[in-house]
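Engineer: Just passing along the structure, written as structure tokens.
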Amino acid sequence: MISLAGRDILHAWGKFVFTGIGLGLLIGVTLVMAGVYRGMVDDGKALLDNSGADLWVVQKDTLGPYAESSSLNDDVYRAILAMPGVSQAANVTYLTMQVRKGESDVRTMVVGIAPGALGATPGWPPYLVAGRQITRGHYEAVADIATGFKLGDRLAIRRNHYTVVGLTRRMVSSSGDPMVFIPLKDAQEAQFLKDNDAIWQSRRRTEANPAFNRPGVPGLLDAVIASQSTNAFVNAVLVTLKPGHAPDEVAESIRRWKRLTVYTRAQMEGILIGKLIATSSKQIGMFLVILAIVSAAIVAFIIYTLTMDKIREIAVLKLIGTRNRTIAAMIMQQALALGVIGFVVGKITATFSAPLFPKHVLLMPFDSIAGFFAVLVICVLASLVAIRMALKVDPAEAIGG
Amino acid sequence: MSGKGIRIEGLSKRFGKGDTAVYALKDVNMQVAPGEVVGLVGPSGSGKSTLLKCLGAVIDPSDGRMTLGNEVIYDGGWQVRDLRALRRDKIGFVFQSPYLIPFLDVTDNVALLPMLAGVANAEARAKALELLTALDVQHRVHAMPSQLSGGEQQRVAIARGLVNRPPVILADEPTAPLDSVRAMAVIRILNDMARKFETAIIVVTHDEKIIPTFKRIYHIRDGVTHEEAGEGREFE
């Protein structure tokens, strides 16, 4: 038996191909949307992977440092280092800001990393693609290549300038902003650094406060002002564990004895995916649903129209004894063919357009396979309307009168 | 398949019930022998199409008896379970417009019927080619319907109607869109094919050009038929 669907497609291939391209662009957008979501999740995981930590110690009862702000004294890490099972503990600060790059600026996450040894201190970029790690205590930076900085570039954070000494790759925040690593002390200063006017106003208020400016207590005012202009806080302490120690047990120990909130890798991943990007993922999910409905509507409309164009032929086919299932198969095969053409076009579109998006778009093979089968299911469902109409065609329509 | 053509006895078709019932066909009796071409003539609304639809197993008659070849197919109710198979295997159709399937070439338009009946593609195409040759369109076997002239299309449609060697062919105004020369050619072909394949052919028409060619004519008016001898004029 010849393929009626195949012959019809070959007969009107132009209509089919162009319709398939149109549908394909829609499917491409759908795949890219799924890729955006996967990219967000991947960015979150990359953030956790690249921190090199087994545990995140944060301010008590907060979801910091990524989903909420968290503030810890910068000496807390010493007490954590003394806990059983802890190999390394390092302070870290995170600050999302616009970093000036010449006349323009670039959105980055500035990470303050504690001094230490590469590979042994959590928080450091685990690898570089060019240059070296930070070796000085101040004014050196390692930047992700996505920032656009090159080795030797000067970047400005607040009032200070930093020289880019190293470049890294795929070091991004959960929002996909590329990271710039600077020394911890500089980062702490940058977090609370005010402009000169604000500093002057703050000093004036302190001097005017009789509690701080006591004539009989020399040095008190200077000490208060000094404490006001320095920042002894960090956002989190990143902890690595000694081999053989379970993260949950060490985390519980820190929670109990240090009265801090501690997250394991799994918990932190849950926060990032379940809370930080939950709204975005719902948003994308809604888009996916809408796009799926639109795709289904388009396929249904096209197949319905193509079938309507063949009403007389279908009546003739029925009159000369074609079985309903043959006619239904013809329509369904056409819908599936349209879906396959659309998917191929969509996949190619998504693959070539993904790198052009400003944020990380991760096209997973599983999503493509799932998308392919979803397209087929949508096409089958969309063809049902046309099949129903075709099966209702009266063969008598082929006979006049 | 030849058999004994088609015989219709007391066929009626009623629409509606009770006092509102309308008879489109009343006690129709017809017999067409194998190899015979008869005309079914009548004005619009006389019941021609209704009769054709009943004969074509497209609508259900209300009463009567129909015998196709040696098989009673209707006797107060359909005697065959699969009306599609009946239409496919035992009734050929030729329409006013050829209604060829536009996305199949000439060969496959004709070969489709045997293929639907389960005949292998090669065998079905061989059958089609044989008929297309008999109808003198063998040179257009790979053409698409849109590339054919009106007369060629109608010949292909006739080949399609004949390909399963049905005992009866129902031709619904097959010459309506054709000029007199082509109309005569189509009637000649139908007569030739009827003789060659021992097929009974009923031609529904009100085409004055071709009515004189029938040896027997069934006139139908208000659902009632009466038979009369035709002129049986030679084809010009």
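Residue numbering restarts at 1 for every chain of the structure tokens, chains are lettered A, B, ... in their displayed order, and ligands are numbered from 1 as they appear.
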For range 18-32 of chain A, find every residue with an atom within 6 Å (counting only C-alpha atoms), except residues of its own chain fewer than 2 positions away, and show them as a ChimeraX atom specification.
Structural biologist: /A:15-16,34-35,338,341-343,345-347,349-350
Engineer: Quick check: residues of chain B within 10 Å of chain A, only C-alpha atoms, returned as JSON, numbers by chain.
Structural biologist: {"B": [44, 45, 47, 48, 49, 50, 52, 53, 54, 56, 57, 58, 59, 82, 83, 84, 85, 86, 87, 88, 89, 90, 91, 92, 93, 94, 95, 96, 97, 98, 99, 100, 101, 102, 103, 104, 105, 108, 111, 112, 113, 114, 115, 116, 117, 118, 119, 120, 121, 122, 124, 144, 160, 161, 171, 172, 173]}
Engineer: Taking only C-alpha atoms into account, name the residue in B:His226, B:Arg221, B:Arg14, B:Lys196 that is nearest to Ser46 in chain B.
Structural biologist: B:Arg221
Engineer: Restricting the calculation to only C-alpha atoms: of A:Trp13, A:Phe181, A:Tyr94, A:Trp124, which residue gets closest to Ser51 in chain A?
Structural biologist: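 Once distances to Ser51 in chain A are computed over only C-alpha atoms, the minimum belongs to A:Trp124.
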Engineer: Which residues are close to Glu249 in chain A, i.e. within 10 Å by only C-alpha atoms, leaving aside same-chain residues fewer than 5 positions away? Reply as a list of chain:residue names.
Structural biologist: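 Once the nearby chain positions are removed, what remains is A:Pro84, A:Gly85, A:Ile254, A:Arg255, A:Thr264.
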Engineer: Export N, CA and C atoms of the chosen residues as a compact mmCIF listing (two decimals), in the first residue's frame?
Structural biologist:
```txt
# COMPACT_ATOMS: atom_id res chain seq x y z
N PRO A 84 35.57 19.14 64.86
CA PRO A 84 36.00 17.84 64.34
C PRO A 84 35.51 17.63 62.91
N GLY A 85 36.37 17.13 62.08
CA GLY A 85 35.99 16.81 60.70
C GLY A 85 36.23 17.94 59.73
N ILE A 254 28.27 21.79 63.97
CA ILE A 254 28.48 23.26 63.93
C ILE A 254 27.20 23.98 64.36
N ARG A 255 26.07 23.48 63.88
CA ARG A 255 24.78 24.10 64.27
C ARG A 255 24.62 24.08 65.79
N THR A 264 24.48 21.84 53.83
CA THR A 264 25.29 20.91 53.05
C THR A 264 25.10 21.23 51.57
```
Engineer: Would you mind listing what lies within 12 Å of range 211-227 of chain A as an MDAnalysis selection string, with only C-alpha atoms counted and same-chain residues fewer than 6 positions away left out?
Structural biologist: chainID A and resid 199:205 233
Engineer: How would the residues just chosen look if you wrote them out with N, CA and C atoms as a PDB file, in the first residue's frame?
Structural biologist:
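As a result, again18.pdb now contains:
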```pdb
ATOM      1  N   ILE A 199      31.139  59.767  54.704  1.00  0.00           N
ATOM      2  CA  ILE A 199      32.073  59.514  55.818  1.00  0.00           C
ATOM      3  C   ILE A 199      32.164  60.756  56.709  1.00  0.00           C
ATOM      4  N   TRP A 200      32.239  61.903  56.068  1.00  0.00           N
ATOM      5  CA  TRP A 200      32.357  63.150  56.825  1.00  0.00           C
ATOM      6  C   TRP A 200      31.092  63.361  57.684  1.00  0.00           C
ATOM      7  N   GLN A 201      29.951  63.142  57.099  1.00  0.00           N
ATOM      8  CA  GLN A 201      28.683  63.304  57.824  1.00  0.00           C
ATOM      9  C   GLN A 201      28.595  62.334  59.007  1.00  0.00           C
ATOM     10  N   SER A 202      29.070  61.110  58.774  1.00  0.00           N
ATOM     11  CA  SER A 202      29.018  60.104  59.821  1.00  0.00           C
ATOM     12  C   SER A 202      29.922  60.509  60.995  1.00  0.00           C
ATOM     13  N   ARG A 203      31.117  61.003  60.647  1.00  0.00           N
ATOM     14  CA  ARG A 203      32.042  61.449  61.714  1.00  0.00           C
ATOM     15  C   ARG A 203      31.455  62.632  62.496  1.00  0.00           C
ATOM     16  N   ARG A 204      30.819  63.536  61.768  1.00  0.00           N
ATOM     17  CA  ARG A 204      30.244  64.715  62.420  1.00  0.00           C
ATOM     18  C   ARG A 204      29.168  64.302  63.422  1.00  0.00           C
ATOM     19  N   ARG A 205      28.334  63.324  63.011  1.00  0.00           N
ATOM     20  CA  ARG A 205      27.275  62.861  63.910  1.00  0.00           C
ATOM     21  C   ARG A 205      27.880  62.198  65.157  1.00  0.00           C
ATOM     22  N   PHE A 233      32.830  41.972  58.841  1.00  0.00           N
ATOM     23  CA  PHE A 233      31.826  40.936  58.550  1.00  0.00           C
ATOM     24  C   PHE A 233      32.093  40.283  57.194  1.00  0.00           C
TER      25      PHE A 233
END
```
Engineer: Which polymer residues have any atom within 10 Å of an atom of Thr199 in chain B, counting only C-alpha atoms, with same-chain residues fewer than 5 positions away left out, as a list in words?
Structural biologist: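 In the requested format, the answer is Met1, Ser2, Gly3, Lys4, Gly5, Ile6, Val32, Ala33, Pro34, Gly35, Glu36, Val37, Gly69, Ile91, Gly92, Leu162, Arg165, Pro166, Pro167, Val168, Ile169, Leu190, Asn191, Asp192, Met193 and Ala194 of chain B.
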Engineer: Emit the selected residues as a PDB file, in the first residue's frame, including N, CA and C atoms.
Structural biologist:
```
ATOM      1  N   MET B   1     -14.789  -9.838 -12.756  1.00  0.00           N
ATOM      2  CA  MET B   1     -16.002 -10.553 -12.341  1.00  0.00           C
ATOM      3  C   MET B   1     -17.159 -10.128 -13.235  1.00  0.00           C
ATOM      4  N   SER B   2     -17.914 -11.076 -13.694  1.00  0.00           N
ATOM      5  CA  SER B   2     -19.009 -10.697 -14.565  1.00  0.00           C
ATOM      6  C   SER B   2     -20.348 -10.937 -13.870  1.00  0.00           C
ATOM      7  N   GLY B   3     -20.785 -12.160 -13.748  1.00  0.00           N
ATOM      8  CA  GLY B   3     -22.047 -12.447 -13.067  1.00  0.00           C
ATOM      9  C   GLY B   3     -23.228 -12.022 -13.897  1.00  0.00           C
ATOM     10  N   LYS B   4     -24.275 -11.530 -13.217  1.00  0.00           N
ATOM     11  CA  LYS B   4     -25.514 -11.215 -13.925  1.00  0.00           C
ATOM     12  C   LYS B   4     -25.867  -9.742 -13.838  1.00  0.00           C
ATOM     13  N   GLY B   5     -24.888  -8.906 -13.806  1.00  0.00           N
ATOM     14  CA  GLY B   5     -25.158  -7.474 -13.760  1.00  0.00           C
ATOM     15  C   GLY B   5     -25.822  -7.087 -12.466  1.00  0.00           C
ATOM     16  N   ILE B   6     -26.793  -6.180 -12.591  1.00  0.00           N
ATOM     17  CA  ILE B   6     -27.473  -5.702 -11.381  1.00  0.00           C
ATOM     18  C   ILE B   6     -28.979  -5.764 -11.610  1.00  0.00           C
ATOM     19  N   VAL B  32     -29.913  -4.414 -15.314  1.00  0.00           N
ATOM     20  CA  VAL B  32     -28.892  -4.092 -16.308  1.00  0.00           C
ATOM     21  C   VAL B  32     -28.005  -5.323 -16.447  1.00  0.00           C
ATOM     22  N   ALA B  33     -27.924  -5.801 -17.660  1.00  0.00           N
ATOM     23  CA  ALA B  33     -27.164  -7.034 -17.902  1.00  0.00           C
ATOM     24  C   ALA B  33     -25.675  -6.732 -18.013  1.00  0.00           C
ATOM     25  N   PRO B  34     -24.855  -7.743 -17.798  1.00  0.00           N
ATOM     26  CA  PRO B  34     -23.417  -7.546 -17.994  1.00  0.00           C
ATOM     27  C   PRO B  34     -23.128  -7.110 -19.429  1.00  0.00           C
ATOM     28  N   GLY B  35     -22.271  -6.143 -19.604  1.00  0.00           N
ATOM     29  CA  GLY B  35     -21.916  -5.644 -20.926  1.00  0.00           C
ATOM     30  C   GLY B  35     -22.877  -4.608 -21.468  1.00  0.00           C
ATOM     31  N   GLU B  36     -23.898  -4.273 -20.665  1.00  0.00           N
ATOM     32  CA  GLU B  36     -24.913  -3.325 -21.129  1.00  0.00           C
ATOM     33  C   GLU B  36     -24.696  -1.947 -20.496  1.00  0.00           C
ATOM     34  N   VAL B  37     -24.967  -0.934 -21.292  1.00  0.00           N
ATOM     35  CA  VAL B  37     -24.911   0.433 -20.770  1.00  0.00           C
ATOM     36  C   VAL B  37     -26.315   1.017 -20.880  1.00  0.00           C
ATOM     37  N   GLY B  69     -24.517  -9.169  -9.424  1.00  0.00           N
ATOM     38  CA  GLY B  69     -23.963 -10.445  -9.881  1.00  0.00           C
ATOM     39  C   GLY B  69     -24.899 -11.552  -9.404  1.00  0.00           C
ATOM     40  N   ILE B  91     -18.496  -2.346  -6.900  1.00  0.00           N
ATOM     41  CA  ILE B  91     -19.160  -1.207  -7.538  1.00  0.00           C
ATOM     42  C   ILE B  91     -18.089  -0.229  -8.006  1.00  0.00           C
ATOM     43  N   GLY B  92     -18.170   0.138  -9.268  1.00  0.00           N
ATOM     44  CA  GLY B  92     -17.249   1.152  -9.769  1.00  0.00           C
ATOM     45  C   GLY B  92     -17.977   2.475  -9.866  1.00  0.00           C
ATOM     46  N   LEU B 162     -13.088   0.797 -13.184  1.00  0.00           N
ATOM     47  CA  LEU B 162     -13.083  -0.570 -13.725  1.00  0.00           C
ATOM     48  C   LEU B 162     -12.037  -1.484 -13.109  1.00  0.00           C
ATOM     49  N   ARG B 165     -12.611  -4.725 -11.536  1.00  0.00           N
ATOM     50  CA  ARG B 165     -13.538  -5.547 -12.331  1.00  0.00           C
ATOM     51  C   ARG B 165     -14.886  -5.704 -11.622  1.00  0.00           C
ATOM     52  N   PRO B 166     -15.528  -4.590 -11.288  1.00  0.00           N
ATOM     53  CA  PRO B 166     -16.814  -4.694 -10.590  1.00  0.00           C
ATOM     54  C   PRO B 166     -17.913  -5.139 -11.550  1.00  0.00           C
ATOM     55  N   PRO B 167     -18.953  -5.807 -11.071  1.00  0.00           N
ATOM     56  CA  PRO B 167     -20.045  -6.198 -11.954  1.00  0.00           C
ATOM     57  C   PRO B 167     -20.871  -5.001 -12.423  1.00  0.00           C
ATOM     58  N   VAL B 168     -20.760  -3.879 -11.684  1.00  0.00           N
ATOM     59  CA  VAL B 168     -21.564  -2.712 -12.070  1.00  0.00           C
ATOM     60  C   VAL B 168     -20.744  -1.434 -11.894  1.00  0.00           C
ATOM     61  N   ILE B 169     -20.965  -0.518 -12.826  1.00  0.00           N
ATOM     62  CA  ILE B 169     -20.353   0.811 -12.693  1.00  0.00           C
ATOM     63  C   ILE B 169     -21.474   1.831 -12.680  1.00  0.00           C
ATOM     64  N   LEU B 190     -17.127   3.826 -22.459  1.00  0.00           N
ATOM     65  CA  LEU B 190     -17.935   3.086 -21.475  1.00  0.00           C
ATOM     66  C   LEU B 190     -18.560   1.854 -22.136  1.00  0.00           C
ATOM     67  N   ASN B 191     -19.046   2.025 -23.343  1.00  0.00           N
ATOM     68  CA  ASN B 191     -19.636   0.881 -24.053  1.00  0.00           C
ATOM     69  C   ASN B 191     -18.589  -0.194 -24.344  1.00  0.00           C
ATOM     70  N   ASP B 192     -17.412   0.270 -24.793  1.00  0.00           N
ATOM     71  CA  ASP B 192     -16.338  -0.683 -25.081  1.00  0.00           C
ATOM     72  C   ASP B 192     -15.942  -1.455 -23.826  1.00  0.00           C
ATOM     73  N   MET B 193     -15.808  -0.697 -22.744  1.00  0.00           N
ATOM     74  CA  MET B 193     -15.369  -1.329 -21.500  1.00  0.00           C
ATOM     75  C   MET B 193     -16.433  -2.274 -20.952  1.00  0.00           C
ATOM     76  N   ALA B 194     -17.695  -1.846 -21.097  1.00  0.00           N
ATOM     77  CA  ALA B 194     -18.796  -2.699 -20.628  1.00  0.00           C
ATOM     78  C   ALA B 194     -18.737  -4.046 -21.338  1.00  0.00           C
TER      79      ALA B 194
END
```
Engineer: Within 7 Å of Ser12 in chain B, counting only C-alpha atoms, which residues qualify if same-chain residues fewer than 3 places away don't, as a list in words?
Structural biologist: Leu25, Lys26, Asp27, Val28, Pro61, Ser62, Asp63 and Gly64 of chain B
Engineer: Of the candidates B:Leu148, B:Ala143, B:Val38, B:Met66, which one gets nearest to Ile187 in chain B if we count only C-alpha atoms?
Structural biologist: B:Val38
Engineer: What's around Ile298 in chain A at 10 Å? Count only C-alpha atoms, leave out sequence neighbours fewer than 2 positions away in its own chain, and write the answer as a list of chain:residue names.
Structural biologist: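 Selected residues are A:Thr19, A:Gly22, A:Leu23, A:Leu26, A:Ala292, A:Ile293, A:Val294, A:Ser295, A:Ala296, A:Ala300, A:Phe301, A:Ile302, A:Ile303, A:Tyr304, A:Cys379, A:Ala382.
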Engineer: Please identify which residues in range 115-233 of chain B DSSP calls alpha helix (DSSP H) from the backbone, and express them as a VMD selection string.
Structural biologist: chain B and resid 115 to 116 121 to 134 150 to 162 180 to 197
Engineer: Take the residues from that selection and put them in a file with N, CA and C atoms, as a CSV table (one decimal), in the first residue's frame.
Structural biologist:
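Once written, result_39.csv looks like this:
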```
chain,number,residue,atom,x,y,z
B,115,MET,N,-5.0,-1.8,-4.4
B,115,MET,CA,-4.1,-1.8,-3.2
B,115,MET,C,-4.9,-1.8,-1.9
B,116,LEU,N,-6.0,-1.0,-2.0
B,116,LEU,CA,-6.9,-0.9,-0.8
B,116,LEU,C,-7.5,-2.3,-0.5
B,121,ASN,N,1.4,-4.0,-4.5
B,121,ASN,CA,1.6,-2.8,-5.3
B,121,ASN,C,1.9,-3.1,-6.7
B,122,ALA,N,2.9,-4.0,-7.0
B,122,ALA,CA,3.3,-4.3,-8.3
B,122,ALA,C,2.2,-4.8,-9.2
B,123,GLU,N,1.4,-5.7,-8.5
B,123,GLU,CA,0.3,-6.3,-9.2
B,123,GLU,C,-0.8,-5.3,-9.5
B,124,ALA,N,-1.0,-4.4,-8.5
B,124,ALA,CA,-2.1,-3.4,-8.7
B,124,ALA,C,-1.7,-2.4,-9.8
B,125,ARG,N,-0.4,-2.1,-9.9
B,125,ARG,CA,0.1,-1.2,-10.9
B,125,ARG,C,0.0,-1.8,-12.3
B,126,ALA,N,0.2,-3.1,-12.3
B,126,ALA,CA,0.1,-3.8,-13.6
B,126,ALA,C,-1.3,-3.8,-14.1
B,127,LYS,N,-2.2,-4.1,-13.2
B,127,LYS,CA,-3.7,-4.0,-13.5
B,127,LYS,C,-4.0,-2.6,-14.1
B,128,ALA,N,-3.5,-1.6,-13.3
B,128,ALA,CA,-3.8,-0.2,-13.7
B,128,ALA,C,-3.3,0.1,-15.1
B,129,LEU,N,-2.1,-0.4,-15.4
B,129,LEU,CA,-1.4,-0.1,-16.6
B,129,LEU,C,-2.2,-0.8,-17.8
B,130,GLU,N,-2.7,-2.0,-17.5
B,130,GLU,CA,-3.4,-2.7,-18.5
B,130,GLU,C,-4.7,-1.9,-18.9
B,131,LEU,N,-5.4,-1.4,-17.9
B,131,LEU,CA,-6.6,-0.6,-18.2
B,131,LEU,C,-6.3,0.7,-18.8
B,132,LEU,N,-5.2,1.4,-18.3
B,132,LEU,CA,-4.9,2.7,-18.9
B,132,LEU,C,-4.5,2.5,-20.4
B,133,THR,N,-3.9,1.4,-20.7
B,133,THR,CA,-3.5,1.1,-22.1
B,133,THR,C,-4.8,0.9,-22.9
B,134,ALA,N,-5.7,0.2,-22.3
B,134,ALA,CA,-7.0,-0.1,-23.0
B,134,ALA,C,-7.7,1.2,-23.2
B,150,GLY,N,-9.1,17.4,-19.7
B,150,GLY,CA,-10.4,16.9,-19.1
B,150,GLY,C,-10.8,15.5,-19.6
B,151,GLY,N,-10.6,15.3,-20.9
B,151,GLY,CA,-10.9,14.0,-21.4
B,151,GLY,C,-10.0,12.9,-20.9
B,152,GLU,N,-8.7,13.2,-20.7
B,152,GLU,CA,-7.8,12.2,-20.1
B,152,GLU,C,-8.1,11.9,-18.7
B,153,GLN,N,-8.5,13.0,-18.0
B,153,GLN,CA,-8.9,12.8,-16.6
B,153,GLN,C,-10.1,11.8,-16.5
B,154,GLN,N,-11.0,12.1,-17.4
B,154,GLN,CA,-12.2,11.2,-17.3
B,154,GLN,C,-11.9,9.8,-17.6
B,155,ARG,N,-11.0,9.6,-18.6
B,155,ARG,CA,-10.6,8.2,-18.9
B,155,ARG,C,-9.9,7.5,-17.8
B,156,VAL,N,-9.1,8.3,-17.1
B,156,VAL,CA,-8.4,7.7,-15.9
B,156,VAL,C,-9.4,7.4,-14.8
B,157,ALA,N,-10.4,8.3,-14.7
B,157,ALA,CA,-11.5,8.0,-13.7
B,157,ALA,C,-12.3,6.7,-14.1
B,158,ILE,N,-12.5,6.5,-15.4
B,158,ILE,CA,-13.1,5.3,-15.8
B,158,ILE,C,-12.3,4.1,-15.5
B,159,ALA,N,-11.0,4.2,-15.8
B,159,ALA,CA,-10.0,3.1,-15.5
B,159,ALA,C,-10.1,2.8,-14.0
B,160,ARG,N,-10.2,3.8,-13.1
B,160,ARG,CA,-10.3,3.6,-11.7
B,160,ARG,C,-11.6,2.9,-11.4
B,161,GLY,N,-12.7,3.2,-12.0
B,161,GLY,CA,-13.9,2.6,-11.8
B,161,GLY,C,-13.9,1.1,-12.2
B,162,LEU,N,-13.1,0.8,-13.2
B,162,LEU,CA,-13.1,-0.6,-13.7
B,162,LEU,C,-12.0,-1.5,-13.1
B,180,SER,N,-19.3,17.9,-27.0
B,180,SER,CA,-20.0,16.8,-27.6
B,180,SER,C,-19.0,15.7,-28.1
B,181,VAL,N,-17.9,16.1,-28.7
B,181,VAL,CA,-16.9,15.2,-29.2
B,181,VAL,C,-16.4,14.3,-28.1
B,182,ARG,N,-15.9,15.0,-27.0
B,182,ARG,CA,-15.4,14.3,-25.9
B,182,ARG,C,-16.4,13.5,-25.2
B,183,ALA,N,-17.6,14.0,-25.1
B,183,ALA,CA,-18.7,13.3,-24.4
B,183,ALA,C,-19.0,12.0,-25.2
B,184,MET,N,-19.0,12.0,-26.5
B,184,MET,CA,-19.2,10.8,-27.3
B,184,MET,C,-18.1,9.8,-27.1
B,185,ALA,N,-16.9,10.4,-27.0
B,185,ALA,CA,-15.7,9.5,-26.8
B,185,ALA,C,-15.8,8.8,-25.4
B,186,VAL,N,-16.3,9.5,-24.4
B,186,VAL,CA,-16.5,8.9,-23.1
B,186,VAL,C,-17.5,7.8,-23.2
B,187,ILE,N,-18.6,8.0,-23.8
B,187,ILE,CA,-19.7,7.0,-23.9
B,187,ILE,C,-19.2,5.8,-24.7
B,188,ARG,N,-18.5,6.1,-25.8
B,188,ARG,CA,-17.9,5.0,-26.6
B,188,ARG,C,-17.0,4.1,-25.7
B,189,ILE,N,-16.2,4.8,-24.9
B,189,ILE,CA,-15.3,4.1,-24.0
B,189,ILE,C,-16.1,3.2,-23.0
B,190,LEU,N,-17.1,3.8,-22.5
B,190,LEU,CA,-17.9,3.1,-21.5
B,190,LEU,C,-18.6,1.9,-22.1
B,191,ASN,N,-19.0,2.0,-23.3
B,191,ASN,CA,-19.6,0.9,-24.1
B,191,ASN,C,-18.6,-0.2,-24.3
B,192,ASP,N,-17.4,0.3,-24.8
B,192,ASP,CA,-16.3,-0.7,-25.1
B,192,ASP,C,-15.9,-1.5,-23.8
B,193,MET,N,-15.8,-0.7,-22.7
B,193,MET,CA,-15.4,-1.3,-21.5
B,193,MET,C,-16.4,-2.3,-21.0
B,194,ALA,N,-17.7,-1.8,-21.1
B,194,ALA,CA,-18.8,-2.7,-20.6
B,194,ALA,C,-18.7,-4.0,-21.3
B,195,ARG,N,-18.5,-4.0,-22.6
B,195,ARG,CA,-18.4,-5.2,-23.4
B,195,ARG,C,-17.2,-6.0,-23.1
B,196,LYS,N,-16.1,-5.3,-23.0
B,196,LYS,CA,-14.8,-6.0,-22.8
B,196,LYS,C,-14.8,-6.7,-21.4
B,197,PHE,N,-15.3,-6.0,-20.4
B,197,PHE,CA,-15.2,-6.5,-19.0
B,197,PHE,C,-16.5,-7.1,-18.5
```
Engineer: Please indicate the distance in Å from CA of Ile271 in chain A to CA of Ser71 in chain A, rounded to one decimal place.
Structural biologist: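 Separation between CA of Ile271 in chain A and CA of Ser71 in chain A: 17.6 Å.
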Engineer: Find the residue from A:Arg132, A:Thr163, A:Leu184, A:Asp54 that sits nearest to Gly116 in chain A; use only C-alpha atoms when measuring.
Structural biologist: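 With only C-alpha atoms as the atom set, the closest residue is A:Leu184.
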Engineer: Got a sec to tell me which of range 19-74 of chain A DSSP assigns to strand (DSSP E), as a ChimeraX atom specification?
Structural biologist: /A:55-58,72-73
Engineer: Please compute the CA of Ile210 in chain B-CA of Pro177 in chain B distance, one decimal, in Å.
Structural biologist: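 Here the two named atoms are 12.8 Å from each other.
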